[in-house]
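Listing of final17.pdb; format and content: PDB, C-alpha atoms.
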ATOM      1  CA  MET A 783      -9.877 -11.893  -1.511
ATOM      2  CA  GLY A 784      -9.027 -12.912   1.983
ATOM      3  CA  GLY A 785     -12.404 -13.147   3.675
ATOM      4  CA  ASP A 786     -14.180 -10.285   5.397
ATOM      5  CA  ARG A 787     -11.039  -8.184   5.776
ATOM      6  CA  GLY A 788     -10.191  -8.483   2.076
ATOM      7  CA  GLU A 789     -13.746  -7.718   1.072
ATOM      8  CA  ALA A 790     -13.804  -4.657   3.330
ATOM      9  CA  ALA A 791     -10.526  -3.413   1.830
ATOM     10  CA  PHE A 792     -11.850  -3.993  -1.697
ATOM     11  CA  ALA A 793     -15.061  -2.131  -0.862
ATOM     12  CA  ALA A 794     -13.054   0.762   0.616
ATOM     13  CA  THR A 795     -10.974   0.927  -2.566
ATOM     14  CA  LEU A 796     -14.103   1.102  -4.704
ATOM     15  CA  ARG A 797     -15.541   3.833  -2.469
ATOM     16  CA  ASP A 798     -12.301   5.826  -2.750
ATOM     17  CA  LEU A 799     -12.323   5.489  -6.532
ATOM     18  CA  ALA A 800     -15.958   6.598  -6.713
ATOM     19  CA  ASP A 801     -15.429   9.654  -4.477
ATOM     20  CA  ARG A 802     -14.895  12.630  -6.791
ATOM     21  CA  ARG A 803     -13.255  14.559  -3.934
ATOM     22  CA  ARG A 804     -10.431  11.985  -3.803
ATOM     23  CA  GLY A 805      -9.163  12.221  -7.372
ATOM     24  CA  PRO A 806      -6.925  11.932  -9.143
ATOM     25  CA  LEU A 807      -5.893   8.542  -7.774
ATOM     26  CA  LEU A 808      -3.224   6.020  -8.663
ATOM     27  CA  LEU A 809      -4.184   2.349  -8.519
ATOM     28  CA  HIS A 810      -1.227  -0.013  -8.238
ATOM     29  CA  CYS A 811      -0.015  -3.224  -6.643
ATOM     30  CA  THR A 812       3.441  -4.069  -5.390
ATOM     31  CA  SER A 813       3.314  -7.849  -5.146
ATOM     32  CA  GLY A 814       0.681  -9.341  -7.345
ATOM     33  CA  LYS A 815      -2.258  -8.639  -9.508
ATOM     34  CA  ASP A 816      -5.406 -10.039  -8.000
ATOM     35  CA  ARG A 817      -7.040  -7.110  -6.218
ATOM     36  CA  THR A 818      -5.532  -4.499  -8.491
ATOM     37  CA  GLY A 819      -6.275  -6.545 -11.592
ATOM     38  CA  TRP A 820      -9.866  -7.196 -10.648
ATOM     39  CA  THR A 821     -10.364  -3.560  -9.699
ATOM     40  CA  SER A 822      -8.924  -2.440 -13.032
ATOM     41  CA  TRP A 823     -11.078  -4.962 -14.907
ATOM     42  CA  LEU A 824     -14.161  -3.759 -13.042
ATOM     43  CA  LEU A 825     -13.422  -0.108 -13.745
ATOM     44  CA  LEU A 826     -12.762  -0.772 -17.418
ATOM     45  CA  THR A 827     -16.001  -2.710 -17.835
ATOM     46  CA  LEU A 828     -17.986  -0.050 -15.934
ATOM     47  CA  LEU A 829     -16.568   2.513 -18.353
ATOM     48  CA  GLY A 830     -17.859   0.489 -21.295
ATOM     49  CA  VAL A 831     -14.653  -1.237 -22.403
ATOM     50  CA  PRO A 832     -15.587  -4.567 -24.031
ATOM     51  CA  ASP A 833     -15.035  -7.533 -21.708
ATOM     52  CA  SER A 834     -12.608  -9.173 -24.139
ATOM     53  CA  LEU A 835     -10.344  -6.103 -24.074
ATOM     54  CA  ALA A 836     -10.606  -5.655 -20.290
ATOM     55  CA  ARG A 837      -9.788  -9.346 -19.832
ATOM     56  CA  ALA A 838      -6.799  -9.085 -22.198
ATOM     57  CA  ASP A 839      -5.519  -6.132 -20.167
ATOM     58  CA  TYR A 840      -5.801  -8.168 -16.963
ATOM     59  CA  LEU A 841      -4.053 -11.206 -18.462
ATOM     60  CA  ALA A 842      -1.234  -9.087 -19.927
ATOM     61  CA  SER A 843       0.326  -8.920 -16.474
ATOM     62  CA  ASN A 844       1.089 -12.653 -16.754
ATOM     63  CA  THR A 845       3.493 -11.854 -19.580
ATOM     64  CA  PHE A 846       5.090  -8.921 -17.798
ATOM     65  CA  ARG A 847       5.431 -10.788 -14.485
ATOM     66  CA  ALA A 848       6.801 -14.036 -15.943
ATOM     67  CA  PRO A 849      10.533 -13.160 -15.630
ATOM     68  CA  TYR A 850      10.053 -11.890 -12.067
ATOM     69  CA  ASP A 851       8.004 -14.924 -11.044
ATOM     70  CA  ALA A 852      10.652 -17.258 -12.484
ATOM     71  CA  ARG A 853      13.395 -15.515 -10.444
ATOM     72  CA  VAL A 854      11.303 -15.790  -7.283
ATOM     73  CA  ARG A 855      10.649 -19.496  -7.867
ATOM     74  CA  GLU A 856      14.339 -20.115  -8.531
ATOM     75  CA  GLY A 857      15.330 -18.225  -5.393
ATOM     76  CA  LEU A 858      12.892 -20.201  -3.274
ATOM     77  CA  LYS A 859      13.998 -23.479  -4.792
ATOM     78  CA  ASN A 860      17.615 -22.813  -3.791
ATOM     79  CA  ARG A 861      16.769 -21.645  -0.288
ATOM     80  CA  PRO A 862      17.479 -24.158   2.488
ATOM     81  CA  GLY A 863      14.303 -25.466   4.100
ATOM     82  CA  SER A 864      12.032 -23.996   1.469
ATOM     83  CA  CYS A 865       9.027 -25.771   0.044
ATOM     84  CA  ARG A 866       9.678 -27.385  -3.291
ATOM     85  CA  THR A 867       7.356 -28.618  -5.952
ATOM     86  CA  ARG A 868       8.044 -31.977  -7.503
ATOM     87  CA  PRO A 869       7.638 -32.799 -11.184
TER      88      PRO A 869
END

Spit out the file's structure as C-alpha coordinates when you get a sec.
Amino acid sequence: MGGDRGEAAFAATLRDLADRRRGPLLLHCTSGKDRTGWTSWLLLTLLGVPDSLARADYLASNTFRAPYDARVREGLKNRPGSCRTRP
(Lines of atoms letter the chains of each structure in order from A and count residues from 1; the text may use other names and numbers.)
(Lines give C-alpha, C1' and ligand atoms only; values in the text may rest on other atoms or scores of the structure.)
Protein backbone atom coordinates (compact mmCIF):
# COMPACT_ATOMS: atom_id res chain seq x y z
CA MET A 1 0.00 0.00 0.00
CA GLY A 2 2.88 2.38 -0.17
CA GLY A 3 4.38 2.19 3.29
CA ASP A 4 3.35 4.33 6.23
CA ARG A 5 1.68 6.98 4.08
CA GLY A 6 -0.44 4.40 2.25
CA GLU A 7 -1.36 2.68 5.48
CA ALA A 8 -2.37 6.00 7.04
CA ALA A 9 -4.53 6.84 4.02
CA PHE A 10 -6.14 3.39 4.14
CA ALA A 11 -6.83 3.77 7.86
CA ALA A 12 -8.35 7.22 7.28
CA THR A 13 -10.61 5.76 4.59
CA LEU A 14 -11.80 3.04 6.95
CA ARG A 15 -12.45 5.63 9.68
CA ASP A 16 -14.45 7.76 7.23
CA LEU A 17 -16.51 4.76 6.16
CA ALA A 18 -17.20 3.81 9.78
CA ASP A 19 -18.26 7.34 10.80
CA ARG A 20 -22.06 7.45 10.60
CA ARG A 21 -21.95 11.26 10.42
CA ARG A 22 -20.08 11.06 7.09
CA GLY A 23 -22.57 9.02 5.07
CA PRO A 24 -23.61 8.42 2.47
CA LEU A 25 -20.20 8.00 0.86
CA LEU A 26 -18.99 7.01 -2.58
CA LEU A 27 -15.94 4.75 -2.77
CA HIS A 28 -14.16 4.82 -6.12
CA CYS A 29 -10.76 4.74 -7.78
CA THR A 30 -9.61 6.56 -10.88
CA SER A 31 -6.49 4.63 -11.83
CA GLY A 32 -6.46 1.16 -10.44
CA LYS A 33 -8.10 -1.21 -8.10
CA ASP A 34 -5.81 -2.08 -5.24
CA ARG A 35 -6.88 0.20 -2.39
CA THR A 36 -10.45 0.52 -3.58
CA GLY A 37 -10.69 -3.19 -4.32
CA TRP A 38 -9.31 -4.24 -0.98
CA THR A 39 -11.53 -1.75 0.82
CA SER A 40 -14.58 -3.06 -1.04
CA TRP A 41 -13.58 -6.66 -0.31
CA LEU A 42 -13.12 -5.82 3.37
CA LEU A 43 -16.48 -4.07 3.61
CA LEU A 44 -18.27 -6.91 1.84
CA THR A 45 -16.74 -9.53 4.12
CA LEU A 46 -17.50 -7.45 7.24
CA LEU A 47 -21.11 -7.30 6.08
CA GLY A 48 -21.23 -11.09 5.89
CA VAL A 49 -20.82 -11.60 2.14
CA PRO A 50 -19.14 -14.99 1.57
CA ASP A 51 -15.43 -14.66 0.78
CA SER A 52 -15.84 -16.41 -2.58
CA LEU A 53 -18.39 -13.81 -3.71
CA ALA A 54 -16.39 -10.86 -2.35
CA ARG A 55 -13.28 -12.20 -4.09
CA ALA A 56 -15.19 -12.66 -7.37
CA ASP A 57 -16.36 -9.04 -7.13
CA TYR A 58 -12.77 -7.88 -6.65
CA LEU A 59 -11.45 -9.96 -9.56
CA ALA A 60 -14.25 -8.80 -11.89
CA SER A 61 -12.38 -5.54 -12.37
CA ASN A 62 -9.69 -7.48 -14.26
CA THR A 63 -12.25 -8.21 -16.96
CA PHE A 64 -13.58 -4.67 -17.08
CA ARG A 65 -10.11 -3.08 -17.09
CA ALA A 66 -8.57 -5.40 -19.71
CA PRO A 67 -9.37 -3.24 -22.79
CA TYR A 68 -8.13 -0.08 -21.03
CA ASP A 69 -4.96 -1.77 -19.80
CA ALA A 70 -4.23 -3.08 -23.31
CA ARG A 71 -4.57 0.45 -24.77
CA VAL A 72 -2.23 1.84 -22.11
CA ARG A 73 0.36 -0.86 -22.77
CA GLU A 74 0.14 -0.26 -26.52
CA GLY A 75 0.51 3.49 -26.04
CA LEU A 76 3.56 3.04 -23.85
CA LYS A 77 5.10 0.56 -26.24
CA ASN A 78 4.90 3.08 -29.10
CA ARG A 79 6.21 5.99 -27.06
CA PRO A 80 9.83 6.96 -27.74
CA GLY A 81 12.11 6.21 -24.80
CA SER A 82 9.53 4.17 -22.96
CA CYS A 83 10.29 0.98 -21.11
CA ARG A 84 9.44 -2.13 -23.06
CA THR A 85 8.96 -5.68 -22.00
CA ARG A 86 10.58 -8.39 -24.04
CA PRO A 87 8.99 -11.73 -24.88

(request) Would you list the contacts of A:His810 as a ChimeraX atom specification, taking every protein, DNA or RNA residue within 12 Å and counting only C-alpha atoms, but skipping same-chain residues closer than 5 positions in sequence? (result) /A:795,815-822

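Here atom CA of A:Asp798 and atom CA of A:Leu825 stand 12.5 Å from one another.
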
Starting from 6 Å padding per side, set up an axis-aligned box that covers all listed atoms of stretch 845-860 of chain A and hand over centre and edge lengths in Å, one decimal, as JSON.
{"center_x": 10.6, "center_y": -16.2, "center_z": -11.4, "size_x": 26.1, "size_y": 26.6, "size_z": 28.3}

(message) Can you translate the PyMOL selection byres ((chain A and resi 839-842) around 8) into the concrete residues it hits in this file, as a PyMOL selection string?
(response) chain A and resi 819-820+822-823+835-838+843-846

(request) Provide the atom CA of A:Pro832 to atom CA of A:Ala800 distance in Å, to one decimal place. (result)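 A separation of 20.6 Å between them.
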
(request) Please measure the separation of atom CA of A:Leu808 and atom CA of A:Ala790, giving the value in Å to one decimal. (result)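 These atoms are spaced 19.2 Å apart.
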
(request) Find, counting all atoms listed in the file, the residue in A:Leu824, A:Pro849, A:Glu856, A:Asp786 that gets nearest to A:Leu799. (result) A:Leu824

Please rebuild stretch 792-827 of chain A with N, CA and C atoms and return the result as an mmCIF file, in the frame of the given file.
data_model
loop_
_atom_site.group_PDB
_atom_site.id
_atom_site.type_symbol
_atom_site.label_atom_id
_atom_site.label_comp_id
_atom_site.auth_asym_id
_atom_site.auth_seq_id
_atom_site.Cartn_x
_atom_site.Cartn_y
_atom_site.Cartn_z
ATOM 1 N N PHE A 792 -11.427 -4.159 -0.311
ATOM 2 C CA PHE A 792 -11.850 -3.993 -1.697
ATOM 3 C C PHE A 792 -12.982 -2.974 -1.781
ATOM 4 N N ALA A 793 -13.941 -3.077 -0.886
ATOM 5 C CA ALA A 793 -15.061 -2.131 -0.862
ATOM 6 C C ALA A 793 -14.566 -0.712 -0.598
ATOM 7 N N ALA A 794 -13.608 -0.562 0.320
ATOM 8 C CA ALA A 794 -13.054 0.762 0.616
ATOM 9 C C ALA A 794 -12.350 1.334 -0.610
ATOM 10 N N THR A 795 -11.648 0.483 -1.340
ATOM 11 C CA THR A 795 -10.974 0.927 -2.566
ATOM 12 C C THR A 795 -11.994 1.428 -3.576
ATOM 13 N N LEU A 796 -13.073 0.682 -3.764
ATOM 14 C CA LEU A 796 -14.103 1.102 -4.704
ATOM 15 C C LEU A 796 -14.750 2.410 -4.269
ATOM 16 N N ARG A 797 -14.974 2.571 -2.964
ATOM 17 C CA ARG A 797 -15.541 3.833 -2.469
ATOM 18 C C ARG A 797 -14.583 4.995 -2.734
ATOM 19 N N ASP A 798 -13.288 4.782 -2.488
ATOM 20 C CA ASP A 798 -12.301 5.826 -2.750
ATOM 21 C C ASP A 798 -12.288 6.218 -4.228
ATOM 22 N N LEU A 799 -12.338 5.214 -5.098
ATOM 23 C CA LEU A 799 -12.323 5.489 -6.532
ATOM 24 C C LEU A 799 -13.581 6.222 -6.991
ATOM 25 N N ALA A 800 -14.697 5.962 -6.341
ATOM 26 C CA ALA A 800 -15.958 6.598 -6.713
ATOM 27 C C ALA A 800 -16.112 8.004 -6.143
ATOM 28 N N ASP A 801 -15.317 8.348 -5.148
ATOM 29 C CA ASP A 801 -15.429 9.654 -4.477
ATOM 30 C C ASP A 801 -14.708 10.725 -5.302
ATOM 31 N N ARG A 802 -15.472 11.596 -5.927
ATOM 32 C CA ARG A 802 -14.895 12.630 -6.791
ATOM 33 C C ARG A 802 -13.962 13.568 -6.034
ATOM 34 N N ARG A 803 -14.129 13.680 -4.733
ATOM 35 C CA ARG A 803 -13.255 14.559 -3.934
ATOM 36 C C ARG A 803 -11.872 13.961 -3.755
ATOM 37 N N ARG A 804 -11.704 12.668 -4.043
ATOM 38 C CA ARG A 804 -10.431 11.985 -3.803
ATOM 39 C C ARG A 804 -9.504 11.978 -5.009
ATOM 40 N N GLY A 805 -9.968 12.371 -6.168
ATOM 41 C CA GLY A 805 -9.163 12.221 -7.372
ATOM 42 C C GLY A 805 -8.141 13.317 -7.541
ATOM 43 N N PRO A 806 -7.202 13.172 -8.425
ATOM 44 C CA PRO A 806 -6.925 11.932 -9.143
ATOM 45 C C PRO A 806 -6.257 10.895 -8.235
ATOM 46 N N LEU A 807 -6.451 9.627 -8.566
ATOM 47 C CA LEU A 807 -5.893 8.542 -7.774
ATOM 48 C C LEU A 807 -5.027 7.632 -8.642
ATOM 49 N N LEU A 808 -4.070 7.005 -8.004
ATOM 50 C CA LEU A 808 -3.224 6.020 -8.663
ATOM 51 C C LEU A 808 -3.568 4.663 -8.075
ATOM 52 N N LEU A 809 -3.867 3.718 -8.933
ATOM 53 C CA LEU A 809 -4.184 2.349 -8.519
ATOM 54 C C LEU A 809 -3.018 1.467 -8.914
ATOM 55 N N HIS A 810 -2.380 0.827 -7.936
ATOM 56 C CA HIS A 810 -1.227 -0.013 -8.238
ATOM 57 C C HIS A 810 -1.122 -1.141 -7.231
ATOM 58 N N CYS A 811 -0.265 -2.093 -7.524
ATOM 59 C CA CYS A 811 -0.015 -3.224 -6.643
ATOM 60 C C CYS A 811 1.479 -3.500 -6.635
ATOM 61 N N THR A 812 2.004 -3.846 -5.488
ATOM 62 C CA THR A 812 3.441 -4.069 -5.390
ATOM 63 C C THR A 812 3.837 -5.535 -5.407
ATOM 64 N N SER A 813 2.883 -6.458 -5.247
ATOM 65 C CA SER A 813 3.314 -7.849 -5.146
ATOM 66 C C SER A 813 2.401 -8.846 -5.842
ATOM 67 N N GLY A 814 1.578 -8.400 -6.695
ATOM 68 C CA GLY A 814 0.681 -9.341 -7.345
ATOM 69 C C GLY A 814 -0.262 -8.616 -8.260
ATOM 70 N N LYS A 815 -1.341 -9.284 -8.586
ATOM 71 C CA LYS A 815 -2.258 -8.639 -9.508
ATOM 72 C C LYS A 815 -3.724 -8.847 -9.150
ATOM 73 N N ASP A 816 -4.017 -9.657 -8.195
ATOM 74 C CA ASP A 816 -5.406 -10.039 -8.000
ATOM 75 C C ASP A 816 -6.329 -8.878 -7.673
ATOM 76 N N ARG A 817 -6.125 -8.208 -6.553
ATOM 77 C CA ARG A 817 -7.040 -7.110 -6.218
ATOM 78 C C ARG A 817 -6.926 -5.965 -7.195
ATOM 79 N N THR A 818 -5.712 -5.599 -7.555
ATOM 80 C CA THR A 818 -5.532 -4.499 -8.491
ATOM 81 C C THR A 818 -6.070 -4.875 -9.868
ATOM 82 N N GLY A 819 -5.794 -6.096 -10.288
ATOM 83 C CA GLY A 819 -6.275 -6.545 -11.592
ATOM 84 C C GLY A 819 -7.785 -6.584 -11.678
ATOM 85 N N TRP A 820 -8.402 -7.130 -10.647
ATOM 86 C CA TRP A 820 -9.866 -7.196 -10.648
ATOM 87 C C TRP A 820 -10.476 -5.804 -10.573
ATOM 88 N N THR A 821 -9.859 -4.936 -9.793
ATOM 89 C CA THR A 821 -10.364 -3.560 -9.699
ATOM 90 C C THR A 821 -10.252 -2.874 -11.051
ATOM 91 N N SER A 822 -9.114 -3.044 -11.710
ATOM 92 C CA SER A 822 -8.924 -2.440 -13.032
ATOM 93 C C SER A 822 -9.930 -3.006 -14.034
ATOM 94 N N TRP A 823 -10.104 -4.336 -14.011
ATOM 95 C CA TRP A 823 -11.078 -4.962 -14.907
ATOM 96 C C TRP A 823 -12.470 -4.389 -14.659
ATOM 97 N N LEU A 824 -12.842 -4.278 -13.386
ATOM 98 C CA LEU A 824 -14.161 -3.759 -13.042
ATOM 99 C C LEU A 824 -14.330 -2.329 -13.537
ATOM 100 N N LEU A 825 -13.332 -1.498 -13.297
ATOM 101 C CA LEU A 825 -13.422 -0.108 -13.745
ATOM 102 C C LEU A 825 -13.517 -0.016 -15.266
ATOM 103 N N LEU A 826 -12.710 -0.801 -15.956
ATOM 104 C CA LEU A 826 -12.762 -0.772 -17.418
ATOM 105 C C LEU A 826 -14.135 -1.189 -17.936
ATOM 106 N N THR A 827 -14.694 -2.261 -17.360
ATOM 107 C CA THR A 827 -16.001 -2.710 -17.835
ATOM 108 C C THR A 827 -17.104 -1.713 -17.474
#
